[in-house]
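Data file: start36.cif. Format and content: mmCIF, C-alpha atoms.
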data_final
#
loop_
_atom_site.label_atom_id
_atom_site.label_comp_id
_atom_site.auth_asym_id
_atom_site.auth_seq_id
_atom_site.Cartn_x
_atom_site.Cartn_y
_atom_site.Cartn_z
CA MET A 1 0.00 0.00 0.00
CA LYS A 2 1.32 3.43 -0.90
CA LYS A 3 2.22 5.88 1.83
CA PHE A 4 -0.53 8.28 0.73
CA ASP A 5 -3.13 5.50 0.89
CA LYS A 6 -1.97 4.53 4.36
CA GLU A 7 -2.39 8.10 5.52
CA ARG A 8 -5.90 8.25 4.08
CA VAL A 9 -6.86 5.05 5.93
CA LEU A 10 -5.29 6.39 9.12
CA LEU A 11 -7.25 9.63 8.87
CA ALA A 12 -10.49 7.76 8.15
CA VAL A 13 -10.08 5.49 11.18
CA ALA A 14 -8.63 8.03 13.62
CA GLY A 15 -11.80 10.16 13.87
CA PRO A 16 -14.24 7.42 14.96
CA VAL A 17 -11.69 5.79 17.28
CA ILE A 18 -10.92 9.08 19.03
CA ALA A 19 -14.64 9.91 19.27
CA LEU A 20 -15.48 6.56 20.87
CA ALA A 21 -12.54 6.75 23.29
CA VAL A 22 -13.50 10.26 24.39
CA ALA A 23 -17.16 9.25 24.76
CA PHE A 24 -16.24 6.27 26.97
CA VAL A 25 -13.95 8.42 29.15
CA LEU A 26 -16.54 11.19 29.56
CA SER A 27 -19.24 8.62 30.36
CA ALA A 28 -16.97 7.15 33.02
CA ILE A 29 -16.45 10.63 34.47
CA VAL A 30 -20.22 11.11 34.66
CA LEU A 31 -20.54 7.80 36.53
CA ILE A 32 -17.75 8.74 38.94
CA ALA A 33 -19.39 12.12 39.58
CA SER A 34 -22.63 10.34 40.49
CA GLY A 35 -20.81 7.99 42.87
CA LYS A 36 -21.05 4.93 40.62
CA ASN A 37 -18.54 2.38 39.40
CA PRO A 38 -17.23 3.73 36.06
CA VAL A 39 -16.40 0.28 34.63
CA GLU A 40 -19.16 -2.11 35.72
CA PRO A 41 -21.96 -0.65 33.51
CA PHE A 42 -19.89 -1.17 30.36
CA ALA A 43 -18.89 -4.66 31.49
CA LEU A 44 -22.56 -5.51 32.02
CA MET A 45 -23.51 -4.25 28.56
CA PHE A 46 -20.64 -6.11 26.92
CA GLU A 47 -21.82 -9.25 28.72
CA GLN A 48 -25.33 -8.77 27.29
CA ALA A 49 -23.93 -8.72 23.77
CA GLY A 50 -22.93 -12.36 24.23
CA PHE A 51 -26.52 -13.58 24.57
CA SER A 52 -28.14 -14.79 21.36
CA ASP A 53 -31.52 -13.17 22.02
CA ILE A 54 -29.86 -9.78 22.57
CA GLN A 55 -27.84 -10.27 19.40
CA VAL A 56 -31.06 -10.78 17.42
CA LEU A 57 -32.53 -7.62 18.93
CA ILE A 58 -29.36 -5.69 18.08
CA ILE A 59 -29.37 -6.85 14.45
CA ASN A 60 -33.06 -6.03 14.03
CA GLN A 61 -32.66 -2.57 15.52
CA ALA A 62 -29.47 -1.91 13.59
CA SER A 63 -31.22 -2.64 10.29
CA MET A 64 -33.57 0.32 10.81
CA TYR A 65 -30.79 2.57 12.06
CA TYR A 66 -28.67 1.62 9.05
CA ILE A 67 -31.31 2.55 6.47
CA ALA A 68 -32.06 5.85 8.23
CA ALA A 69 -28.34 6.67 8.38
CA LEU A 70 -27.92 5.91 4.67
CA ALA A 71 -30.72 8.40 3.97
CA VAL A 72 -28.89 11.04 6.00
CA ALA A 73 -25.54 10.15 4.38
CA ILE A 74 -26.91 10.74 0.87
CA GLY A 75 -27.75 14.28 1.90
CA PHE A 76 -24.37 14.76 3.57
CA ARG A 77 -22.53 13.70 0.40
CA MET A 78 -24.43 16.45 -1.42
CA ASN A 79 -23.68 18.92 1.42
CA LEU A 80 -27.37 18.79 2.42
CA PHE A 81 -28.67 18.29 5.95
CA ASN A 82 -31.87 16.25 5.69
CA ILE A 83 -33.03 16.52 9.28
CA GLY A 84 -36.51 15.40 8.25
CA VAL A 85 -35.75 11.67 8.01
CA ASP A 86 -37.81 11.07 11.16
CA GLY A 87 -40.99 12.51 9.69
CA GLN A 88 -40.35 10.91 6.31
CA TYR A 89 -39.97 7.37 7.63
CA GLN A 90 -42.91 7.60 10.03
CA LEU A 91 -45.29 8.95 7.40
CA ALA A 92 -44.02 6.38 4.88
CA ALA A 93 -44.51 3.54 7.36
CA MET A 94 -48.05 4.70 8.07
CA MET A 95 -48.95 4.90 4.39
CA ALA A 96 -47.50 1.43 3.81
CA ALA A 97 -49.50 0.12 6.77
CA ILE A 98 -52.71 1.67 5.41
CA VAL A 99 -52.14 0.20 1.96
CA GLY A 100 -51.26 -3.16 3.52
CA ALA A 101 -54.47 -3.17 5.54
CA HIS A 102 -56.73 -2.32 2.59
CA ALA A 103 -55.05 -4.06 -0.38
CA ASP A 104 -54.86 -7.85 -0.45
CA LEU A 105 -52.73 -8.98 -3.38
CA PRO A 106 -50.53 -12.07 -3.70
CA ALA A 107 -47.30 -11.73 -1.71
CA ALA A 108 -45.25 -11.39 -4.92
CA LEU A 109 -47.19 -8.18 -5.65
CA GLN A 110 -48.17 -7.06 -2.16
CA ILE A 111 -44.66 -6.72 -0.72
CA PRO A 112 -43.25 -4.73 -3.70
CA LEU A 113 -46.37 -2.53 -3.51
CA LEU A 114 -45.71 -1.75 0.15
CA LEU A 115 -42.01 -1.06 -0.52
CA LEU A 116 -42.91 1.25 -3.41
CA THR A 117 -45.52 3.03 -1.29
CA ALA A 118 -42.95 3.72 1.41
CA VAL A 119 -40.32 4.93 -1.07
CA LEU A 120 -42.70 7.25 -2.91
CA THR A 121 -44.12 8.67 0.32
CA GLY A 122 -40.68 9.41 1.76
CA ALA A 123 -39.46 10.88 -1.54
CA PHE A 124 -42.57 13.05 -1.86
CA TRP A 125 -42.16 14.43 1.66
CA SER A 126 -38.45 15.21 1.25
CA GLY A 127 -39.10 16.49 -2.29
CA ILE A 128 -41.14 19.34 -0.83
CA ALA A 129 -38.02 20.60 0.95
CA GLY A 130 -35.96 20.02 -2.19
CA VAL A 131 -38.34 22.06 -4.37
CA LEU A 132 -38.39 24.89 -1.81
CA LYS A 133 -34.59 24.96 -1.77
CA VAL A 134 -34.02 25.03 -5.54
CA THR A 135 -36.89 27.43 -6.33
CA ARG A 136 -36.96 29.74 -3.32
CA GLY A 137 -33.62 29.18 -1.63
CA VAL A 138 -35.25 27.90 1.57
CA SER A 139 -32.77 26.09 3.83
CA GLU A 140 -33.43 22.35 3.82
CA VAL A 141 -32.78 22.32 7.59
CA VAL A 142 -35.64 24.71 8.29
CA ALA A 143 -37.94 23.12 5.71
CA THR A 144 -37.42 19.54 6.92
CA ILE A 145 -37.84 20.51 10.59
CA MET A 146 -41.19 22.11 9.77
CA LEU A 147 -42.16 19.10 7.64
CA ASN A 148 -41.47 16.83 10.62
CA ALA A 149 -44.07 18.74 12.62
CA ILE A 150 -46.53 18.66 9.72
CA ALA A 151 -45.98 14.91 9.29
CA THR A 152 -46.94 14.40 12.94
CA SER A 153 -50.17 16.32 12.35
CA VAL A 154 -50.92 14.35 9.16
CA ILE A 155 -50.37 11.07 11.03
CA GLY A 156 -52.74 12.26 13.77
CA TYR A 157 -55.38 13.04 11.15
CA LEU A 158 -55.01 9.68 9.37
CA TRP A 159 -55.44 7.95 12.74
CA LEU A 160 -58.98 9.34 13.12
CA PRO A 161 -61.56 6.51 13.16
CA ASP A 162 -63.52 8.04 10.29
CA VAL A 163 -60.36 8.25 8.14
CA PHE A 164 -58.03 5.22 8.38
CA GLY A 165 -57.70 4.78 12.14
CA VAL A 166 -58.68 1.64 14.04
CA LYS A 167 -58.99 2.14 17.80
CA ILE A 168 -57.75 -0.80 19.90
CA GLY A 169 -58.21 0.09 23.55
CA ASN A 170 -56.33 3.34 24.10
CA ASN A 171 -54.03 2.69 21.15
CA ASN A 172 -54.42 4.32 17.74
CA THR A 173 -53.61 1.89 14.92
CA THR A 174 -54.12 1.54 11.18
CA GLY A 175 -55.51 -1.98 11.56
CA GLU A 176 -53.63 -5.19 10.96
CA MET A 177 -52.10 -5.66 7.52
CA HIS A 178 -53.02 -8.62 5.35
CA GLU A 179 -50.64 -11.55 5.77
CA SER A 180 -49.59 -11.35 2.12
CA GLY A 181 -47.65 -8.21 3.09
CA TRP A 182 -45.79 -9.83 5.96
CA VAL A 183 -42.12 -10.53 5.30
CA PRO A 184 -41.00 -13.80 6.94
CA GLY A 185 -37.96 -13.55 9.14
CA ILE A 186 -34.94 -15.76 9.74
CA ASP A 187 -35.78 -18.18 12.54
CA MET A 188 -33.04 -18.29 15.17
CA GLY A 189 -34.80 -20.73 17.47
CA ALA A 190 -35.11 -19.66 21.09
CA ALA A 191 -33.21 -16.43 20.32
CA GLY A 192 -36.08 -15.11 18.22
CA GLU A 193 -36.40 -14.08 14.62
CA ILE A 194 -34.25 -11.74 12.53
CA TYR A 195 -36.32 -9.42 10.36
CA GLY A 196 -36.47 -10.54 6.76
CA LEU A 197 -35.82 -7.00 5.56
CA VAL A 198 -32.38 -7.04 7.18
CA VAL A 199 -31.38 -8.36 3.77
CA LEU A 200 -32.83 -5.19 2.23
CA ALA A 201 -30.61 -3.07 4.48
CA VAL A 202 -27.54 -4.99 3.27
CA LEU A 203 -28.55 -4.58 -0.39
CA LEU A 204 -29.13 -0.86 0.10
CA GLY A 205 -25.65 -0.50 1.58
CA ILE A 206 -24.10 -2.28 -1.42
CA GLY A 207 -26.17 -0.19 -3.83
CA TYR A 208 -25.18 3.01 -2.01
CA TRP A 209 -21.47 2.20 -2.44
CA ILE A 210 -21.81 1.22 -6.10
CA VAL A 211 -23.85 4.30 -7.05
CA LEU A 212 -21.55 6.75 -5.28
CA ASN A 213 -18.23 5.24 -6.32
CA ARG A 214 -18.86 3.50 -9.64
CA THR A 215 -21.37 5.66 -11.52
CA ARG A 216 -21.38 9.06 -13.22
CA PHE A 217 -24.32 10.11 -11.06
CA GLY A 218 -22.34 9.34 -7.91
CA PHE A 219 -19.41 11.39 -9.16
CA ASP A 220 -21.70 14.31 -10.00
CA LEU A 221 -23.30 14.05 -6.55
CA ARG A 222 -19.96 14.12 -4.74
CA ALA A 223 -18.62 16.87 -7.00
CA SER A 224 -21.70 19.03 -6.41
CA GLY A 225 -21.38 18.52 -2.68
CA ALA A 226 -17.71 19.51 -2.74
CA SER A 227 -18.18 22.60 -4.91
CA GLU A 228 -21.34 23.61 -6.74
CA SER A 229 -19.49 26.14 -8.88
CA ALA A 230 -16.85 23.60 -9.98
CA ALA A 231 -19.55 21.03 -10.69
CA ALA A 232 -21.52 23.56 -12.74
CA ALA A 233 -18.39 24.37 -14.75
CA SER A 234 -18.11 20.70 -15.67
CA GLY A 235 -21.68 20.61 -16.95
CA VAL A 236 -23.54 19.45 -13.83
CA ASN A 237 -26.83 21.17 -12.96
CA PRO A 238 -26.51 21.89 -9.20
CA LYS A 239 -30.22 22.53 -8.65
CA ARG A 240 -31.18 19.28 -10.32
CA MET A 241 -28.63 17.43 -8.19
CA VAL A 242 -30.00 19.04 -5.01
CA LEU A 243 -33.53 17.97 -5.85
CA THR A 244 -32.42 14.48 -6.90
CA ALA A 245 -30.40 14.01 -3.73
CA MET A 246 -33.33 15.07 -1.56
CA LEU A 247 -35.67 12.69 -3.39
CA ILE A 248 -33.28 9.75 -3.01
CA SER A 249 -32.64 10.61 0.64
CA GLY A 250 -36.37 10.71 1.35
CA GLY A 251 -36.99 7.51 -0.59
CA LEU A 252 -34.40 5.68 1.51
CA ALA A 253 -35.83 7.23 4.68
CA GLY A 254 -39.22 5.84 3.74
CA LEU A 255 -37.83 2.31 4.00
CA ALA A 256 -36.35 2.75 7.50
CA GLY A 257 -39.48 1.65 9.36
CA LEU A 258 -40.39 -1.27 7.13
CA PRO A 259 -38.20 -3.98 8.74
CA ILE A 260 -40.27 -3.82 11.94
CA LEU A 261 -43.56 -2.98 10.18
CA LEU A 262 -43.49 -5.92 7.78
CA GLY A 263 -41.57 -8.24 10.08
CA ASP A 264 -43.15 -7.72 13.49
CA THR A 265 -45.88 -5.15 14.27
CA HIS A 266 -47.88 -5.44 11.02
CA THR A 267 -49.62 -2.19 11.93
CA PHE A 268 -48.68 1.43 12.55
CA SER A 269 -49.65 2.46 16.08
CA LEU A 270 -48.64 4.68 18.98
CA ASN A 271 -46.08 1.99 19.91
CA PHE A 272 -44.22 2.32 16.62
CA PRO A 273 -40.56 3.34 17.13
CA THR A 274 -39.85 7.07 16.93
CA GLY A 275 -36.64 9.08 16.78
CA ILE A 276 -34.86 6.72 14.39
CA GLY A 277 -34.35 9.54 11.89
CA PHE A 278 -32.55 11.72 14.42
CA LEU A 279 -30.36 8.83 15.59
CA GLY A 280 -29.48 8.25 11.94
CA ILE A 281 -27.71 11.63 11.91
CA GLY A 282 -25.28 10.61 14.64
CA ILE A 283 -24.78 7.19 13.09
CA ALA A 284 -23.99 8.68 9.68
CA LEU A 285 -21.51 11.09 11.27
CA LEU A 286 -19.77 8.34 13.23
CA GLY A 287 -19.65 6.12 10.15
CA ARG A 288 -18.21 8.96 8.04
CA ASN A 289 -20.93 8.37 5.40
CA SER A 290 -19.27 5.09 4.48
CA PRO A 291 -21.56 2.03 4.13
CA VAL A 292 -19.19 -0.12 6.19
CA GLY A 293 -18.58 2.58 8.79
CA ILE A 294 -22.32 3.22 9.09
CA ALA A 295 -22.91 -0.52 9.61
CA PHE A 296 -20.53 -0.60 12.59
CA ALA A 297 -22.02 2.60 13.98
CA ALA A 298 -25.57 1.24 13.63
CA LEU A 299 -24.59 -1.93 15.48
CA LEU A 300 -22.95 0.16 18.22
CA TRP A 301 -26.06 2.31 18.64
CA ALA A 302 -28.32 -0.77 18.68
CA TRP A 303 -26.07 -2.43 21.25
CA LEU A 304 -26.33 0.61 23.52
CA ASP A 305 -30.12 0.50 23.17
CA LYS A 306 -30.67 -3.21 23.70
CA ALA A 307 -28.00 -3.94 26.30
CA SER A 308 -28.69 -0.93 28.55
CA PRO A 309 -32.00 -2.18 30.13
CA GLU A 310 -29.95 -4.73 32.08
CA LEU A 311 -28.38 -1.83 34.02
CA ASP A 312 -31.66 -1.22 35.89
CA PHE A 313 -31.28 -4.59 37.62
CA HIS A 314 -27.83 -3.66 38.97
CA GLY A 315 -28.53 -0.22 40.43
CA TYR A 316 -27.48 1.78 37.37
CA ASP A 317 -29.61 4.06 35.25
CA LYS A 318 -30.01 2.77 31.71
CA GLU A 319 -29.94 6.39 30.57
CA ILE A 320 -26.16 6.14 30.72
CA ALA A 321 -26.47 4.67 27.21
CA VAL A 322 -28.37 7.76 26.05
CA ILE A 323 -25.71 9.98 27.62
CA MET A 324 -23.03 8.04 25.80
CA GLN A 325 -24.85 8.36 22.46
CA GLY A 326 -24.97 12.13 22.92
CA LEU A 327 -21.32 12.26 23.91
CA ILE A 328 -20.39 10.22 20.83
CA VAL A 329 -22.09 12.78 18.58
CA LEU A 330 -20.29 15.68 20.29
CA SER A 331 -16.98 13.82 20.25
CA VAL A 332 -17.39 12.98 16.56
CA VAL A 333 -17.69 16.63 15.59
CA VAL A 334 -14.65 17.68 17.65
CA SER A 335 -12.44 14.70 16.75
CA TYR A 336 -13.15 14.91 13.03
CA GLU A 337 -12.21 18.57 12.99
CA ALA A 338 -9.03 17.83 14.94
CA VAL A 339 -8.12 14.96 12.59
CA ARG A 340 -8.85 17.16 9.56
CA GLU A 341 -6.52 19.89 10.84
CA TRP A 342 -3.86 17.30 11.61
CA GLY A 343 -4.18 15.88 8.09
CA LEU A 344 -3.88 19.33 6.53
CA ARG A 345 -0.73 20.09 8.52
CA ARG A 346 0.82 16.77 7.47
CA GLN A 347 -0.06 17.48 3.85
CA GLN A 348 1.44 20.97 4.05
CA ARG A 349 4.66 19.60 5.58
CA ARG A 350 4.90 16.91 2.90
CA VAL A 351 4.40 19.43 0.09
CA GLY A 352 6.96 21.73 1.69
CA ALA A 353 9.47 18.90 1.95
CA GLU A 354 8.91 17.92 -1.68
CA LEU A 355 9.36 21.51 -2.84
CA ALA A 356 12.54 21.83 -0.81
CA ALA A 357 13.87 18.56 -2.24
CA GLY A 358 13.01 19.74 -5.74
CA HIS A 359 14.81 23.05 -5.13
CA VAL A 360 17.98 21.26 -3.92
CA LEU A 361 17.88 18.88 -6.88
CA GLY A 362 17.46 21.78 -9.28
CA ALA A 363 20.39 23.61 -7.72
CA THR A 364 22.57 20.49 -8.03
CA ASP A 365 21.70 20.11 -11.70
CA ASN A 366 22.59 23.75 -12.38
CA THR A 367 25.94 23.30 -10.67
CA LYS A 368 26.70 20.27 -12.83
CA LYS A 369 25.84 22.21 -15.96
CA GLU A 370 28.16 25.07 -14.94
CA VAL A 371 31.04 22.65 -14.31
CA ALA A 372 30.44 20.95 -17.64
CA GLY A 373 30.40 24.33 -19.41
CA ARG A 374 33.82 25.21 -18.03
#

Using structure tokens, write down the structure from this file.
Amino acid sequence: MKKFDKERVLLAVAGPVIALAVAFVLSAIVLIASGKNPVEPFALMFEQAGFSDIQVLIINQASMYYIAALAVAIGFRMNLFNIGVDGQYQLAAMMAAIVGAHADLPAALQIPLLLLTAVLTGAFWSGIAGVLKVTRGVSEVVATIMLNAIATSVIGYLWLPDVFGVKIGNNNTTGEMHESGWVPGIDMGAAGEIYGLVVLAVLLGIGYWIVLNRTRFGFDLRASGASESAAAASGVNPKRMVLTAMLISGGLAGLAGLPILLGDTHTFSLNFPTGIGFLGIGIALLGRNSPVGIAFAALLWAWLDKASPELDFHGYDKEIAVIMQGLIVLSVVVSYEAVREWGLRRQQRRVGAELAAGHVLGATDNTKKEVAGR
């Protein structure tokens, strides 16, 4: 491996490693300040990761986190901050649940219909922010935050009994979906069942890498994110790329809730997971928008979620996992900036050394020419 490639790998790995180390240390300090053992909670959570039922829960949860983080990462690669993934995936899951409860097609048609419904709903909702940005210059951050609130109101309306809502006790639901729309899972025996759409998450990660690194569209997307003016000079339409990126990001976001919807709950209710879109932001940051990095970050986040309840039985607050997640996000921002500055300084020193070496070599050649001329 070339020296330059080694440095690139080092810089890519240094940020996440530093962020995690800092987050663990700060979490330990919080525990010490509260009079608790700073090591035992982490030991307990690591112990939980060895149980097969917890591993199944981690994989299932990570699949949703992974898809949500990919949606965020698409925006990041275009220098867009799609903070509306949460509203996009919830509204998409609800629309898929409504369609699944009212349409009863063969499984070969029903499941693709539900996937398409979720993608189109998420893309439509993010596309609103994209259109506002390219036509009116509205910040996608502001637009997507407002659309999150509107999505919550739309969901509340669709839950009304005279619209699509089905009241079960005190719980608002969309009614149970027809079995033709259920996606069978991978039976792990006593450990439980892995969602069938975990496979979809893996395929999306592969597709994400191929599109960004092996296609002209991916190059245009990355170029536009790096410099709109430079991309425009090479013939890329920046506004079209912004809108396209927002549509793709929203389409991916629409799929984030489907692993649990089609694999477990089979209805959209008040118990449906929330906040996945916001967690996807931290996961995408920690994973550096890389499909492999995001996978590890999603598994880490899911481990913190699923292993932390055990802490309640040992006198520790499970919220220590939430504190650690927040510290990871803060540490990521600081460590990445520090690593970036360190990389720039190394690059400047290397260029300076090469220029100095070139100057000495040039001076030597001139001396030889003078001697030969005499």

Resolved residues for the PyMOL selection byres ((chain A and resi 43-51) around 10) as a VMD selection string: chain A and resid 38 to 42 52 to 58 191 303 to 311 314 321

How would the residues just chosen look if you wrote them out with C-alpha atoms as an mmCIF file, keeping the file's coordinate frame?
data_model
loop_
_atom_site.group_PDB
_atom_site.id
_atom_site.type_symbol
_atom_site.label_atom_id
_atom_site.label_comp_id
_atom_site.auth_asym_id
_atom_site.auth_seq_id
_atom_site.Cartn_x
_atom_site.Cartn_y
_atom_site.Cartn_z
ATOM 1 C CA PRO A 38 -17.230 3.730 36.060
ATOM 2 C CA VAL A 39 -16.400 0.280 34.630
ATOM 3 C CA GLU A 40 -19.160 -2.110 35.720
ATOM 4 C CA PRO A 41 -21.960 -0.650 33.510
ATOM 5 C CA PHE A 42 -19.890 -1.170 30.360
ATOM 6 C CA SER A 52 -28.140 -14.790 21.360
ATOM 7 C CA ASP A 53 -31.520 -13.170 22.020
ATOM 8 C CA ILE A 54 -29.860 -9.780 22.570
ATOM 9 C CA GLN A 55 -27.840 -10.270 19.400
ATOM 10 C CA VAL A 56 -31.060 -10.780 17.420
ATOM 11 C CA LEU A 57 -32.530 -7.620 18.930
ATOM 12 C CA ILE A 58 -29.360 -5.690 18.080
ATOM 13 C CA ALA A 191 -33.210 -16.430 20.320
ATOM 14 C CA TRP A 303 -26.070 -2.430 21.250
ATOM 15 C CA LEU A 304 -26.330 0.610 23.520
ATOM 16 C CA ASP A 305 -30.120 0.500 23.170
ATOM 17 C CA LYS A 306 -30.670 -3.210 23.700
ATOM 18 C CA ALA A 307 -28.000 -3.940 26.300
ATOM 19 C CA SER A 308 -28.690 -0.930 28.550
ATOM 20 C CA PRO A 309 -32.000 -2.180 30.130
ATOM 21 C CA GLU A 310 -29.950 -4.730 32.080
ATOM 22 C CA LEU A 311 -28.380 -1.830 34.020
ATOM 23 C CA HIS A 314 -27.830 -3.660 38.970
ATOM 24 C CA ALA A 321 -26.470 4.670 27.210
#

For A:Leu270, please output as JSON, numbers by chain all residues within 10 Å (counting all atoms listed in the file; exclusion window: fewer than 2 positions along the same chain). {"A": [159, 170, 171, 172, 173, 267, 268, 272, 273, 274]}

Can you tell me which residues surround A:Arg288 at a distance of at most 10 Å, considering only C-alpha atoms, apart from same-chain residues fewer than 3 positions away, and format the answer as a PyMOL selection string? chain A and resi 12-13+15-16+73+76-77+282-285+291-294+297+332+336

Can you pull out the residues contacting A:Leu255? Cut-off 10 Å, using all atoms listed in the file, and skip same-chain residues under 6 positions away; I want them as an MDAnalysis selection string. chainID A and resid 64 67:68 71 88:90 92:93 96 114:122 197 200:201 261

What gap, in Å, lies between atom CA of A:Asp312 and atom CA of A:Ala33? 18.5 Å

Residue among A:Ile323, A:Leu91, A:Ala245, A:Leu258 lying closest to A:Ser63, counting only C-alpha atoms: A:Leu258

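Of note, atom CA of A:Ile74 and atom CA of A:Ile248 are spaced 7.5 Å apart.
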